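Colleague: Take a look at work-v4.cif, mmCIF, C-alpha atoms and all ligand atoms:
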```cif
data_data
loop_
_atom_site.label_atom_id
_atom_site.label_comp_id
_atom_site.auth_asym_id
_atom_site.auth_seq_id
_atom_site.Cartn_x
_atom_site.Cartn_y
_atom_site.Cartn_z
CA MET N 1 192.93 104.87 -228.23
CA GLY N 2 195.29 101.87 -227.95
CA ASN N 3 194.57 98.35 -228.99
CA LEU N 4 195.31 94.86 -227.67
CA ARG N 5 198.93 95.07 -228.72
CA ASP N 6 199.32 97.69 -225.98
CA ASN N 7 197.20 95.84 -223.47
CA PRO N 8 197.23 92.12 -224.13
CA GLY N 9 194.91 90.21 -221.82
CA ALA N 10 195.76 86.51 -221.70
CA LEU N 11 194.29 83.87 -223.98
CA LEU N 12 192.32 81.66 -221.60
CA CYS N 13 192.45 78.16 -223.09
CA VAL N 14 189.85 75.82 -221.63
CA VAL N 15 189.88 72.03 -221.31
CA GLY N 16 187.46 69.91 -219.32
CA ALA N 17 187.32 66.33 -220.51
CA ARG N 18 189.45 63.73 -222.25
CA PRO N 19 188.66 64.59 -225.89
CA ASN N 20 189.66 68.21 -225.26
CA TYR N 21 193.28 67.47 -224.43
CA MET N 22 194.40 66.20 -227.83
CA LYS N 23 192.78 69.27 -229.40
CA MET N 24 194.28 71.80 -227.00
CA ALA N 25 197.84 70.40 -226.94
CA PRO N 26 198.79 71.54 -230.47
CA LEU N 27 196.93 74.84 -230.01
CA LEU N 28 198.82 75.66 -226.84
CA ARG N 29 202.11 74.82 -228.55
CA ALA N 30 201.22 77.06 -231.48
CA PHE N 31 199.97 79.94 -229.29
CA ARG N 32 203.03 79.87 -227.06
CA SER N 33 205.40 79.83 -230.02
CA ARG N 34 204.19 83.20 -231.29
CA ALA N 35 205.46 86.51 -229.96
CA ASP N 36 202.47 88.33 -231.45
CA LEU N 37 199.93 86.51 -229.26
CA PRO N 38 199.23 87.28 -225.60
CA PRO N 39 200.29 84.67 -223.03
CA ALA N 40 198.19 81.50 -223.13
CA VAL N 41 196.82 80.37 -219.76
CA LEU N 42 195.54 76.80 -219.53
CA VAL N 43 192.36 76.35 -217.48
CA HIS N 44 191.13 72.84 -216.60
CA THR N 45 187.56 72.75 -215.36
CA GLY N 46 188.08 69.37 -213.67
CA GLN N 47 185.09 67.78 -215.47
CA HIS N 48 187.30 64.71 -215.88
CA TYR N 49 189.45 63.97 -212.84
CA ASP N 50 190.21 60.22 -213.06
CA PRO N 51 193.97 59.69 -213.51
CA MET N 52 193.27 57.42 -216.49
CA LEU N 53 191.04 60.01 -218.16
CA ASN N 54 193.24 62.87 -217.18
CA GLY N 55 196.84 63.24 -215.85
CA ARG N 56 198.23 60.36 -217.89
CA LEU N 57 196.97 61.96 -221.11
CA PHE N 58 198.59 65.29 -220.26
CA ASP N 59 201.95 63.52 -220.05
CA ASP N 60 201.41 61.57 -223.27
CA LEU N 61 200.42 64.69 -225.17
CA ALA N 62 203.16 66.85 -223.66
CA LEU N 63 200.36 69.16 -222.56
CA PRO N 64 201.64 71.40 -219.75
CA ARG N 65 199.92 71.08 -216.37
CA PRO N 66 196.95 73.45 -216.16
CA ASP N 67 197.69 76.88 -214.73
CA ILE N 68 194.27 76.83 -213.08
CA ASN N 69 192.09 73.86 -212.08
CA LEU N 70 188.46 74.52 -211.22
CA GLU N 71 187.94 70.98 -209.85
CA VAL N 72 184.23 70.78 -210.63
CA GLY N 73 184.05 66.96 -210.85
CA SER N 74 180.95 64.97 -211.85
CA GLY N 75 177.31 65.97 -211.52
CA THR N 76 174.10 66.20 -213.49
CA HIS N 77 174.42 68.27 -216.64
CA ALA N 78 172.83 71.27 -214.95
CA VAL N 79 174.99 71.02 -211.85
CA GLN N 80 178.19 70.44 -213.79
CA THR N 81 177.53 73.27 -216.25
CA ALA N 82 176.49 75.69 -213.50
CA GLU N 83 179.47 74.80 -211.34
CA VAL N 84 181.91 75.38 -214.21
CA MET N 85 180.28 78.77 -214.85
CA ARG N 86 180.37 79.76 -211.20
CA ARG N 87 184.05 78.88 -210.87
CA PHE N 88 185.16 80.23 -214.26
CA GLU N 89 183.66 83.70 -213.80
CA PRO N 90 186.22 84.91 -211.21
CA VAL N 91 189.01 83.59 -213.46
CA VAL N 92 187.74 85.77 -216.29
CA ASP N 93 187.44 88.74 -213.93
CA ALA N 94 190.99 88.26 -212.69
CA HIS N 95 192.60 87.80 -216.11
CA ARG N 96 190.56 90.15 -218.30
CA PRO N 97 191.41 87.86 -221.22
CA SER N 98 191.65 89.05 -224.80
CA CYS N 99 189.95 85.81 -225.85
CA VAL N 100 188.61 82.56 -224.39
CA VAL N 101 189.53 79.58 -226.55
CA VAL N 102 187.28 76.52 -226.28
CA VAL N 103 187.44 73.20 -228.14
CA GLY N 104 184.96 70.46 -228.96
CA ASP N 105 181.53 69.96 -227.45
CA VAL N 106 181.69 68.96 -223.80
CA ASN N 107 179.78 70.68 -220.99
CA SER N 108 182.87 72.74 -220.07
CA THR N 109 183.01 74.12 -223.65
CA LEU N 110 179.54 75.62 -223.40
CA ALA N 111 179.81 76.73 -219.77
CA CYS N 112 183.00 78.75 -220.31
CA SER N 113 181.76 80.26 -223.58
CA LEU N 114 178.63 81.51 -221.85
CA VAL N 115 180.59 83.14 -219.03
CA ALA N 116 182.98 84.81 -221.47
CA VAL N 117 180.40 86.20 -223.86
CA LYS N 118 178.40 87.81 -221.05
CA LYS N 119 181.55 89.65 -220.02
CA ALA N 120 182.13 90.87 -223.57
CA VAL N 121 185.17 88.62 -223.96
CA PRO N 122 185.46 87.14 -227.46
CA VAL N 123 185.15 83.38 -227.78
CA ALA N 124 187.06 81.27 -230.30
CA HIS N 125 185.53 77.82 -230.86
CA VAL N 126 187.81 75.23 -232.37
CA GLU N 127 185.93 72.36 -234.08
CA ALA N 128 182.89 74.52 -234.78
CA GLY N 129 179.87 73.70 -236.93
CA LEU N 130 179.70 69.92 -236.52
CA ARG N 131 176.11 68.71 -236.27
CA SER N 132 174.61 65.27 -235.68
CA PHE N 133 171.10 66.81 -235.89
CA ASP N 134 170.30 64.65 -232.87
CA ARG N 135 169.15 66.84 -230.01
CA ALA N 136 169.08 63.86 -227.67
CA MET N 137 172.89 64.06 -227.57
CA PRO N 138 174.07 66.46 -224.88
CA GLU N 139 177.03 67.33 -227.10
CA GLU N 140 174.72 68.53 -229.89
CA ILE N 141 173.17 71.12 -227.57
CA ASN N 142 176.65 72.20 -226.50
CA ARG N 143 177.73 72.55 -230.16
CA VAL N 144 174.74 74.60 -231.29
CA LEU N 145 174.88 76.99 -228.35
CA THR N 146 178.67 77.40 -228.28
CA ASP N 147 178.66 78.27 -231.97
CA GLN N 148 175.94 80.87 -231.44
CA LEU N 149 178.08 82.49 -228.73
CA SER N 150 181.41 82.43 -230.57
CA ASP N 151 183.08 85.28 -232.43
CA LEU N 152 185.55 83.00 -234.20
CA LEU N 153 184.50 79.59 -235.50
CA TYR N 154 187.34 77.37 -236.67
CA THR N 155 186.08 74.38 -238.65
CA THR N 156 187.44 70.95 -239.51
CA GLU N 157 185.36 70.21 -242.61
CA ARG N 158 183.51 72.30 -245.17
CA THR N 159 180.03 70.93 -244.36
CA ALA N 160 180.34 72.75 -241.03
CA HIS N 161 180.03 76.06 -242.91
CA ASP N 162 176.67 75.01 -244.36
CA ASN N 163 175.46 74.03 -240.90
CA LEU N 164 176.54 77.35 -239.42
CA ALA N 165 175.07 79.37 -242.28
CA ARG N 166 171.74 77.59 -241.76
CA GLU N 167 171.79 78.75 -238.15
CA GLY N 168 172.31 82.36 -239.21
CA ILE N 169 176.01 82.69 -238.43
CA PRO N 170 177.75 85.19 -240.71
CA ALA N 171 180.39 83.75 -243.05
CA GLU N 172 183.06 86.18 -241.84
CA ARG N 173 183.12 84.46 -238.45
CA MET N 174 183.88 81.04 -239.97
CA HIS N 175 187.40 79.88 -240.80
CA PHE N 176 188.21 76.54 -242.36
CA ALA N 177 191.32 75.60 -240.38
CA GLY N 178 191.62 71.80 -240.50
CA ASN N 179 191.64 69.33 -237.66
CA VAL N 180 193.69 69.94 -234.52
CA MET N 181 192.97 66.41 -233.27
CA ILE N 182 194.80 65.13 -236.34
CA ASP N 183 197.64 67.57 -235.58
CA SER N 184 198.13 65.61 -232.36
CA LEU N 185 197.88 62.27 -234.09
CA LEU N 186 200.50 63.13 -236.71
CA PHE N 187 202.76 64.75 -234.11
CA HIS N 188 202.76 61.66 -231.86
CA LYS N 189 202.27 58.81 -234.31
CA ASP N 190 205.90 57.76 -234.34
CA ARG N 191 205.88 57.47 -230.55
CA ALA N 192 202.77 55.23 -230.44
CA VAL N 193 203.22 52.25 -228.11
CA PRO N 194 203.08 49.02 -230.15
CA ALA N 195 199.85 47.12 -229.53
CA ALA N 196 201.71 43.94 -228.59
CA GLN N 197 203.46 45.81 -225.77
CA THR N 198 200.22 47.32 -224.43
CA LEU N 199 198.51 43.95 -224.52
CA ALA N 200 201.42 42.19 -222.85
CA CYS N 201 201.44 44.82 -220.08
CA ALA N 202 197.71 44.21 -219.55
CA GLY N 203 198.34 40.46 -219.24
CA LYS N 204 196.71 39.79 -222.64
CA ALA N 205 199.83 38.82 -224.57
CA GLY N 206 197.94 36.23 -226.66
CA PHE N 207 195.88 38.96 -228.29
CA GLY N 208 198.93 40.75 -229.72
CA ALA N 209 199.83 37.75 -231.84
CA GLU N 210 196.49 37.74 -233.66
CA ARG N 211 194.42 40.17 -235.64
CA TYR N 212 192.05 42.01 -233.34
CA GLY N 213 189.44 44.75 -233.17
CA VAL N 214 189.47 47.71 -230.75
CA VAL N 215 186.30 48.80 -228.94
CA THR N 216 185.35 51.97 -227.08
CA LEU N 217 181.82 52.53 -225.82
CA HIS N 218 180.52 55.27 -223.53
CA ARG N 219 177.69 57.27 -225.14
CA PRO N 220 174.61 57.55 -222.92
CA SER N 221 172.52 56.19 -225.83
CA ASN N 222 174.51 52.95 -225.80
CA VAL N 223 175.24 52.42 -222.13
CA ASP N 224 172.76 54.23 -219.87
CA GLU N 225 169.69 52.03 -220.44
CA PRO N 226 169.86 48.31 -219.61
CA GLU N 227 168.37 47.18 -222.94
CA ALA N 228 170.71 49.31 -225.03
CA LEU N 229 173.73 48.19 -223.03
CA ARG N 230 172.68 44.53 -223.18
CA ALA N 231 172.31 44.80 -226.97
CA SER N 232 175.68 46.57 -227.34
CA LEU N 233 177.46 43.95 -225.25
CA GLY N 234 175.70 41.16 -227.17
CA ILE N 235 177.08 42.60 -230.40
CA LEU N 236 180.59 42.71 -228.98
CA ARG N 237 180.31 39.12 -227.91
CA GLU N 238 179.15 38.02 -231.35
CA VAL N 239 181.89 39.98 -233.13
CA SER N 240 184.47 38.50 -230.77
CA GLU N 241 183.61 35.03 -232.04
CA ARG N 242 184.93 36.18 -235.43
CA LEU N 243 187.67 38.58 -234.30
CA PRO N 244 189.23 38.97 -230.83
CA LEU N 245 188.30 42.32 -229.28
CA VAL N 246 190.26 44.66 -227.07
CA CYS N 247 187.85 46.93 -225.14
CA ALA N 248 189.19 50.06 -223.43
CA LEU N 249 186.31 50.88 -221.13
CA HIS N 250 185.30 54.35 -219.92
CA PRO N 251 184.47 54.50 -216.16
CA ARG N 252 180.90 55.39 -217.07
CA THR N 253 180.51 52.09 -218.97
CA VAL N 254 182.16 50.05 -216.23
CA ALA N 255 179.80 51.60 -213.67
CA ARG N 256 176.73 50.73 -215.80
CA ILE N 257 177.91 47.15 -216.44
CA GLU N 258 178.29 46.66 -212.70
CA ALA N 259 175.00 48.39 -211.82
CA PHE N 260 172.99 46.29 -214.30
CA GLY N 261 174.80 43.04 -213.35
CA PHE N 262 176.04 42.50 -216.93
CA ALA N 263 179.65 41.53 -216.19
CA ASP N 264 179.00 37.93 -217.27
CA LEU N 265 177.99 39.12 -220.77
CA LEU N 266 181.62 39.98 -221.43
CA GLN N 267 183.16 36.85 -219.97
CA ALA N 268 183.99 35.51 -223.39
CA GLY N 269 187.52 34.24 -223.99
CA ARG N 270 188.09 36.53 -226.93
CA ILE N 271 187.29 39.83 -225.25
CA ALA N 272 190.12 41.60 -223.39
CA LEU N 273 188.83 44.26 -221.00
CA LEU N 274 191.28 47.09 -220.44
CA PRO N 275 190.98 50.30 -218.40
CA PRO N 276 190.98 53.61 -220.32
CA GLN N 277 194.28 53.77 -222.17
CA GLY N 278 196.92 56.46 -222.47
CA TYR N 279 197.02 58.43 -225.72
CA LEU N 280 200.11 56.66 -227.07
CA GLU N 281 198.76 53.21 -226.14
CA MET N 282 195.42 53.93 -227.80
CA LEU N 283 197.15 55.20 -230.92
CA GLY N 284 199.21 51.99 -231.14
CA LEU N 285 196.18 49.79 -230.51
CA MET N 286 194.17 51.52 -233.24
CA ALA N 287 197.00 51.69 -235.76
CA ASP N 288 197.56 47.92 -235.61
CA ALA N 289 193.86 46.95 -235.45
CA THR N 290 191.92 45.18 -238.18
CA LEU N 291 188.95 47.38 -237.32
CA VAL N 292 187.62 49.69 -234.62
CA LEU N 293 184.11 49.60 -233.12
CA THR N 294 183.23 52.82 -231.34
CA ASP N 295 180.66 55.43 -230.41
CA SER N 296 183.29 58.14 -229.87
CA GLY N 297 183.43 61.28 -232.00
CA GLY N 298 187.19 61.68 -232.10
CA ILE N 299 187.94 58.05 -232.88
CA GLN N 300 185.91 58.29 -236.09
CA GLU N 301 188.40 60.95 -237.19
CA GLU N 302 191.51 59.22 -235.87
CA THR N 303 190.69 55.96 -237.68
CA THR N 304 190.13 57.92 -240.89
CA ALA N 305 193.56 59.52 -240.48
CA LEU N 306 195.10 56.09 -239.71
CA SER N 307 193.24 54.43 -242.61
CA VAL N 308 191.76 51.79 -240.30
CA PRO N 309 188.11 50.74 -240.89
CA CYS N 310 185.75 52.09 -238.24
CA LEU N 311 182.23 50.84 -237.46
CA THR N 312 180.42 53.51 -235.50
CA LEU N 313 177.76 52.21 -233.11
CA ARG N 314 175.52 55.23 -233.63
CA GLU N 315 172.64 56.17 -235.94
CA ASN N 316 174.22 59.48 -236.93
CA THR N 317 177.50 61.33 -236.97
CA GLU N 318 178.43 64.97 -236.66
CA ARG N 319 181.55 64.14 -238.69
CA PRO N 320 180.12 63.14 -242.10
CA ILE N 321 183.44 63.53 -243.87
CA THR N 322 184.69 60.40 -242.08
CA VAL N 323 181.92 58.43 -243.82
CA GLU N 324 182.09 60.18 -247.19
CA GLN N 325 185.88 60.28 -247.57
CA GLY N 326 187.29 58.29 -244.67
CA THR N 327 187.04 54.77 -243.31
CA ASN N 328 183.92 55.18 -241.19
CA THR N 329 180.55 53.37 -241.53
CA LEU N 330 177.52 54.08 -239.33
CA VAL N 331 176.06 50.81 -238.07
CA GLY N 332 173.84 51.68 -235.09
CA ARG N 333 173.13 48.45 -233.24
CA ASP N 334 172.27 46.52 -236.41
CA ARG N 335 173.72 43.07 -235.65
CA ALA N 336 173.31 41.66 -239.16
CA LEU N 337 174.94 44.67 -240.79
CA ILE N 338 177.78 44.68 -238.29
CA MET N 339 178.51 40.97 -238.76
CA ARG N 340 178.43 41.35 -242.55
CA LEU N 341 180.87 44.28 -242.43
CA VAL N 342 183.15 42.50 -239.96
CA GLU N 343 183.35 39.52 -242.35
CA GLU N 344 184.07 41.84 -245.26
CA ILE N 345 186.77 43.75 -243.39
CA VAL N 346 188.43 40.56 -242.16
CA ALA N 347 188.39 39.20 -245.72
CA THR N 348 189.30 42.29 -247.76
CA GLY N 349 190.59 44.93 -245.35
CA GLY N 350 187.44 47.05 -245.84
CA LYS N 351 187.21 50.76 -246.55
CA ARG N 352 190.59 52.51 -246.82
CA GLY N 353 189.37 56.03 -247.55
CA ARG N 354 191.50 59.12 -248.05
CA THR N 355 192.69 61.92 -245.81
CA PRO N 356 190.29 64.89 -245.77
CA GLU N 357 191.38 68.36 -246.84
CA LEU N 358 193.61 70.22 -244.35
CA TRP N 359 193.96 67.25 -241.99
CA ASP N 360 197.66 67.83 -242.46
CA GLY N 361 199.06 68.43 -238.99
CA ARG N 362 199.11 72.23 -239.33
CA ALA N 363 195.62 73.28 -238.21
CA ALA N 364 196.78 74.74 -234.88
CA GLU N 365 199.43 76.82 -236.66
CA ARG N 366 196.78 78.23 -239.01
CA ILE N 367 194.46 79.02 -236.10
CA ALA N 368 197.23 80.75 -234.12
CA GLY N 369 198.16 82.86 -237.15
CA HIS N 370 194.58 83.85 -237.82
CA LEU N 371 193.87 84.62 -234.18
CA ALA N 372 196.97 86.84 -233.91
CA GLY N 373 195.82 88.87 -236.91
CA TRP N 374 192.27 89.12 -235.63
CA LEU N 375 193.29 90.29 -232.15
CA ALA N 376 195.74 92.81 -233.56
CA ALA N 377 192.99 94.36 -235.66
CA ARG N 378 190.55 94.61 -232.76
CA PRO N 379 189.92 97.76 -230.77
CA VAL N 380 190.24 97.73 -226.97
CA PRO N 381 187.50 95.46 -225.58
CA LEU N 382 184.69 96.95 -223.50
CA HIS N 383 185.75 95.33 -220.26
CA ALA N 384 189.42 96.45 -220.40
C1 LIG N 401 182.22 63.49 -221.56
C2 LIG N 401 181.64 64.31 -222.70
C3 LIG N 401 181.62 63.45 -223.97
C4 LIG N 401 182.98 62.85 -224.26
C5 LIG N 401 183.45 62.08 -223.03
C6 LIG N 401 184.83 61.48 -223.27
C7 LIG N 401 179.86 65.92 -222.06
C8 LIG N 401 178.42 66.21 -222.17
N1 LIG N 401 180.25 64.69 -222.44
O1 LIG N 401 181.32 62.42 -221.32
O2 LIG N 401 181.26 64.29 -225.05
O3 LIG N 401 182.88 61.99 -225.36
O4 LIG N 401 183.50 62.99 -221.92
O5 LIG N 401 185.31 60.75 -222.22
O6 LIG N 401 180.60 66.78 -221.66
N2 LIG N 401 183.63 59.71 -214.51
C9 LIG N 401 184.67 59.14 -213.83
N3 LIG N 401 185.86 59.79 -213.80
C10 LIG N 401 186.03 60.99 -214.40
C11 LIG N 401 184.96 61.59 -215.08
C12 LIG N 401 183.77 60.92 -215.14
O7 LIG N 401 184.55 58.08 -213.26
O8 LIG N 401 187.17 61.52 -214.35
C13 LIG N 401 182.35 58.99 -214.58
C14 LIG N 401 181.39 59.47 -213.53
O9 LIG N 401 180.62 58.40 -213.13
C15 LIG N 401 180.53 60.44 -214.28
C16 LIG N 401 180.47 59.77 -215.65
O10 LIG N 401 181.76 59.20 -215.82
O11 LIG N 401 179.30 60.65 -213.71
C17 LIG N 401 180.18 60.72 -216.76
O12 LIG N 401 181.17 61.75 -216.82
P1 LIG N 401 180.86 63.15 -217.55
O13 LIG N 401 182.03 64.04 -217.49
O14 LIG N 401 179.57 63.67 -217.09
O15 LIG N 401 180.62 62.72 -219.04
P2 LIG N 401 181.32 61.62 -219.94
O16 LIG N 401 180.40 60.48 -220.11
O17 LIG N 401 182.71 61.34 -219.51
#
```
Transcribe the structure of this file into structure tokens.
Modeller:
Amino acid sequence: MGNLRDNPGALLCVVGARPNYMKMAPLLRAFRSRADLPPAVLVHTGQHYDPMLNGRLFDDLALPRPDINLEVGSGTHAVQTAEVMRRFEPVVDAHRPSCVVVVGDVNSTLACSLVAVKKAVPVAHVEAGLRSFDRAMPEEINRVLTDQLSDLLYTTERTAHDNLAREGIPAERMHFAGNVMIDSLLFHKDRAVPAAQTLACAGKAGFGAERYGVVTLHRPSNVDEPEALRASLGILREVSERLPLVCALHPRTVARIEAFGFADLLQAGRIALLPPQGYLEMLGLMADATLVLTDSGGIQEETTALSVPCLTLRENTERPITVEQGTNTLVGRDRALIMRLVEEIVATGGKRGRTPELWDGRAAERIAGHLAGWLAARPVPLHA
């Protein structure tokens, strides 16, 4: 009986939405640099299709164009997940992969894992074990289920192992690898576009000369209901009276602002509204910022790595290490708390934090090495 070294099915590497690209770029580089791994095939589900959420980031991250694009587009969660599954299944049949590699917690992550596992193809989940314990977040459902389906769970922080153990996942499946998103950040940091240049290009040159805060906002809990969105925008307006704000708005948020007729709430002189930014522009904006206000998952980690204070407009985080060791503070929509922290950060620079263990730029390398060893030790899979 041979093994995978005699019959290497491809590694199918899946991306679907913006936060996946910065995680997959270093992985793909690491996979393709090793002769002892099967060829890595990049599959894009097409969950994100907007040029500003998509193609531009591929260029910035030096992520090769996808080998396969499933072009699923937007839809309800059920429709989007089902459509990814329907279109991914023939790809798995055609490639007979040795492993499907998924990252993060978007709908595409879960959909492709589910297809793979039912075809007896092993699943490797990168960024496993994070938990917000908030089942109202679609990402939390995707995390819990993807981890249950995965054979290999690569984690970014040690608390993830406790979460996985609590859910009955055997320790031998878990591997503390570090943070591939920070691999990307460290790899590209020197090429970040200076904030002043980005702001000048956006016709907001005045902002570059001052201290400023950066804002991103797109979570359903902050933008989908009129009252939540009104409160979030009210907070931004109040903060902007103390510190000018640069807001890079997700299309989802723009659509809600228009639908609810809230555009006038942001017509303050000290708020610059920008479209979604490229990776290198965003990196430059964050690196030079006095603080960042966000509800993103990845930005909580990036600000910790950049040592820039981050106020997270959520009640919980699946990335507790950013609060315990990094620069992150959870603030929900608590206006008084936010204003107090903004004052403090403007006056003293705020929380500086320290870099968490293994956020050293080499996580993808470790994962590639481990995966090569694991595949080599595996017998021929059932479907081969
Ligand atoms: C998705 C992820 C979220 C991640 C975010 C980053 C899930 C459940 N959510 O949320 O974890 O933080 O990406 O951006 O997978 N839209 C466009 N252009 C696009 C894609 C979407 O305009 O290219 C608009 C559409 O109106 C769409 C809405 O954004 O209906 C939501 O898109 P969707 O992919 O469902 O989720 P995101 O909110 O982007």
Colleague: I'd like the contact shell of Ala287 in chain N - 10 Å cut-off, only C-alpha atoms, skipping same-chain residues fewer than 6 positions apart - returned as a tab-separated table (two decimals) with C-alpha atoms, keeping the file's coordinate frame.
Modeller:
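selection39.tsv, written as the output of this step:
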```
chain	number	residue	atom	x	y	z
N	189	LYS	CA	202.27	58.81	-234.31
N	192	ALA	CA	202.77	55.23	-230.44
N	193	VAL	CA	203.22	52.25	-228.11
N	194	PRO	CA	203.08	49.02	-230.15
N	195	ALA	CA	199.85	47.12	-229.53
N	214	VAL	CA	189.47	47.71	-230.75
N	281	GLU	CA	198.76	53.21	-226.14
N	302	GLU	CA	191.51	59.22	-235.87
N	303	THR	CA	190.69	55.96	-237.68
N	305	ALA	CA	193.56	59.52	-240.48
N	306	LEU	CA	195.10	56.09	-239.71
N	307	SER	CA	193.24	54.43	-242.61
N	308	VAL	CA	191.76	51.79	-240.30
```
Colleague: For ligand LIG 401 (chain N), return the neighbouring residues as number ranges by chain (distance at most 7 Å; all atoms listed in the file).
Modeller: N: 17-19, 47-50, 53-54, 73-75, 77, 105-108, 138-139, 218-219, 250-252, 255, 296-297
Colleague: Given 3 Å of margin on each side, can you work out the centre and size in Å (one decimal) of an axis-aligned box holding every listed atom of range 69-82 of chain N, as AutoDock Vina command-line options?
Modeller:
```
--center_x 182.5 --center_y 70.3 --center_z -213.2 --size_x 25.3 --size_y 16.7 --size_z 12.8
```
Colleague: Can you find the residues with an atom no farther than 7 Å from (191.6, 52.7, -221.7), counting all atoms listed in the file, and report them as an mmCIF file with C-alpha atoms, in the coordinates of the input?
Modeller:
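This went into part38.cif:
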```cif
data_model
loop_
_atom_site.group_PDB
_atom_site.id
_atom_site.type_symbol
_atom_site.label_atom_id
_atom_site.label_comp_id
_atom_site.auth_asym_id
_atom_site.auth_seq_id
_atom_site.Cartn_x
_atom_site.Cartn_y
_atom_site.Cartn_z
ATOM 1 C CA ALA N 248 189.190 50.060 -223.430
ATOM 2 C CA LEU N 249 186.310 50.880 -221.130
ATOM 3 C CA HIS N 250 185.300 54.350 -219.920
ATOM 4 C CA LEU N 274 191.280 47.090 -220.440
ATOM 5 C CA PRO N 275 190.980 50.300 -218.400
ATOM 6 C CA PRO N 276 190.980 53.610 -220.320
ATOM 7 C CA GLN N 277 194.280 53.770 -222.170
ATOM 8 C CA GLY N 278 196.920 56.460 -222.470
#
```
Colleague: Name the closest residue to Val102 in chain N among the candidates N:Thr294, N:Ser33, N:Gln300, N:Asn20; distances are taken between atoms, counting only C-alpha atoms.
Modeller: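 When distances to Val102 in chain N are compared using only C-alpha atoms, the smallest one comes from N:Asn20.
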Colleague: Between N:Met181, N:Tyr279, N:Glu241, N:Val342, which has the minimum distance to Gly55 in chain N (counting all atoms listed in the file)?
Modeller: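 Ranked by minimum distance to Gly55 in chain N, first place goes to N:Tyr279.
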Colleague: Point out the residue among N:Glu318, N:Glu301, N:Glu225, N:Glu127 with the least atom-to-atom distance to Ala363 in chain N, counting only C-alpha atoms.
Modeller: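 Looking at the shortest contact to Ala363 in chain N, the residue is N:Glu127.
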Colleague: Can you work out the spacing between CA of Glu315 in chain N and CA of Leu330 in chain N in Å, to one decimal?
Modeller: 6.3 Å
Colleague: What is the CA of Glu83 in chain N to CA of Leu37 in chain N distance in Å?
Modeller: 29.6 Å
Colleague: Taking into account only C-alpha atoms, which residue in the set N:Ile235, N:Ile182, N:Leu341, N:Leu199 is nearest to Thr355 in chain N?
Modeller: N:Ile182
Colleague: To one decimal place in Å, what is the distance between CA of Pro97 in chain N and CA of Ala78 in chain N?
Modeller: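 CA of Ala78 in chain N lies at a distance of 25.7 Å from CA of Pro97 in chain N.
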Colleague: Which is closest to Pro38 in chain N among N:Leu164, N:Ala368, N:Leu70, N:Val126, if we use all atoms listed in the file?
Modeller: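 Using all atoms listed in the file, the shortest distance to Pro38 in chain N belongs to N:Ala368.
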Colleague: Using only C-alpha atoms, pick whichever of N:Met85, N:Val92, N:Val14, N:Leu57 has the shortest atom-to-atom distance to Leu280 in chain N.
Modeller: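 Of all the options, N:Leu57 lies closest to Leu280 in chain N.
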Colleague: Excluding Leu236 in chain N and any residue of its chain fewer than 4 positions from it, enumerate the residues within 12 Å of it, using only C-alpha atoms, and give them as an NGL selection string.
Modeller: :N and (213-217 or 229-232 or 240-247 or 265-268 or 270-273 or 292-294 or 311 or 313 or 333-335 or 338-339 or 342)
Colleague: Write a file of the just-selected residues containing C-alpha atoms, as a JSON list (two decimals), in the coordinates of the input.
Modeller:
```json
[["chain", "number", "residue", "atom", "x", "y", "z"],
["N", 213, "GLY", "CA", 189.44, 44.75, -233.17],
["N", 214, "VAL", "CA", 189.47, 47.71, -230.75],
["N", 215, "VAL", "CA", 186.30, 48.80, -228.94],
["N", 216, "THR", "CA", 185.35, 51.97, -227.08],
["N", 217, "LEU", "CA", 181.82, 52.53, -225.82],
["N", 229, "LEU", "CA", 173.73, 48.19, -223.03],
["N", 230, "ARG", "CA", 172.68, 44.53, -223.18],
["N", 231, "ALA", "CA", 172.31, 44.80, -226.97],
["N", 232, "SER", "CA", 175.68, 46.57, -227.34],
["N", 240, "SER", "CA", 184.47, 38.50, -230.77],
["N", 241, "GLU", "CA", 183.61, 35.03, -232.04],
["N", 242, "ARG", "CA", 184.93, 36.18, -235.43],
["N", 243, "LEU", "CA", 187.67, 38.58, -234.30],
["N", 244, "PRO", "CA", 189.23, 38.97, -230.83],
["N", 245, "LEU", "CA", 188.30, 42.32, -229.28],
["N", 246, "VAL", "CA", 190.26, 44.66, -227.07],
["N", 247, "CYS", "CA", 187.85, 46.93, -225.14],
["N", 265, "LEU", "CA", 177.99, 39.12, -220.77],
["N", 266, "LEU", "CA", 181.62, 39.98, -221.43],
["N", 267, "GLN", "CA", 183.16, 36.85, -219.97],
["N", 268, "ALA", "CA", 183.99, 35.51, -223.39],
["N", 270, "ARG", "CA", 188.09, 36.53, -226.93],
["N", 271, "ILE", "CA", 187.29, 39.83, -225.25],
["N", 272, "ALA", "CA", 190.12, 41.60, -223.39],
["N", 273, "LEU", "CA", 188.83, 44.26, -221.00],
["N", 292, "VAL", "CA", 187.62, 49.69, -234.62],
["N", 293, "LEU", "CA", 184.11, 49.60, -233.12],
["N", 294, "THR", "CA", 183.23, 52.82, -231.34],
["N", 311, "LEU", "CA", 182.23, 50.84, -237.46],
["N", 313, "LEU", "CA", 177.76, 52.21, -233.11],
["N", 333, "ARG", "CA", 173.13, 48.45, -233.24],
["N", 334, "ASP", "CA", 172.27, 46.52, -236.41],
["N", 335, "ARG", "CA", 173.72, 43.07, -235.65],
["N", 338, "ILE", "CA", 177.78, 44.68, -238.29],
["N", 339, "MET", "CA", 178.51, 40.97, -238.76],
["N", 342, "VAL", "CA", 183.15, 42.50, -239.96]]
```
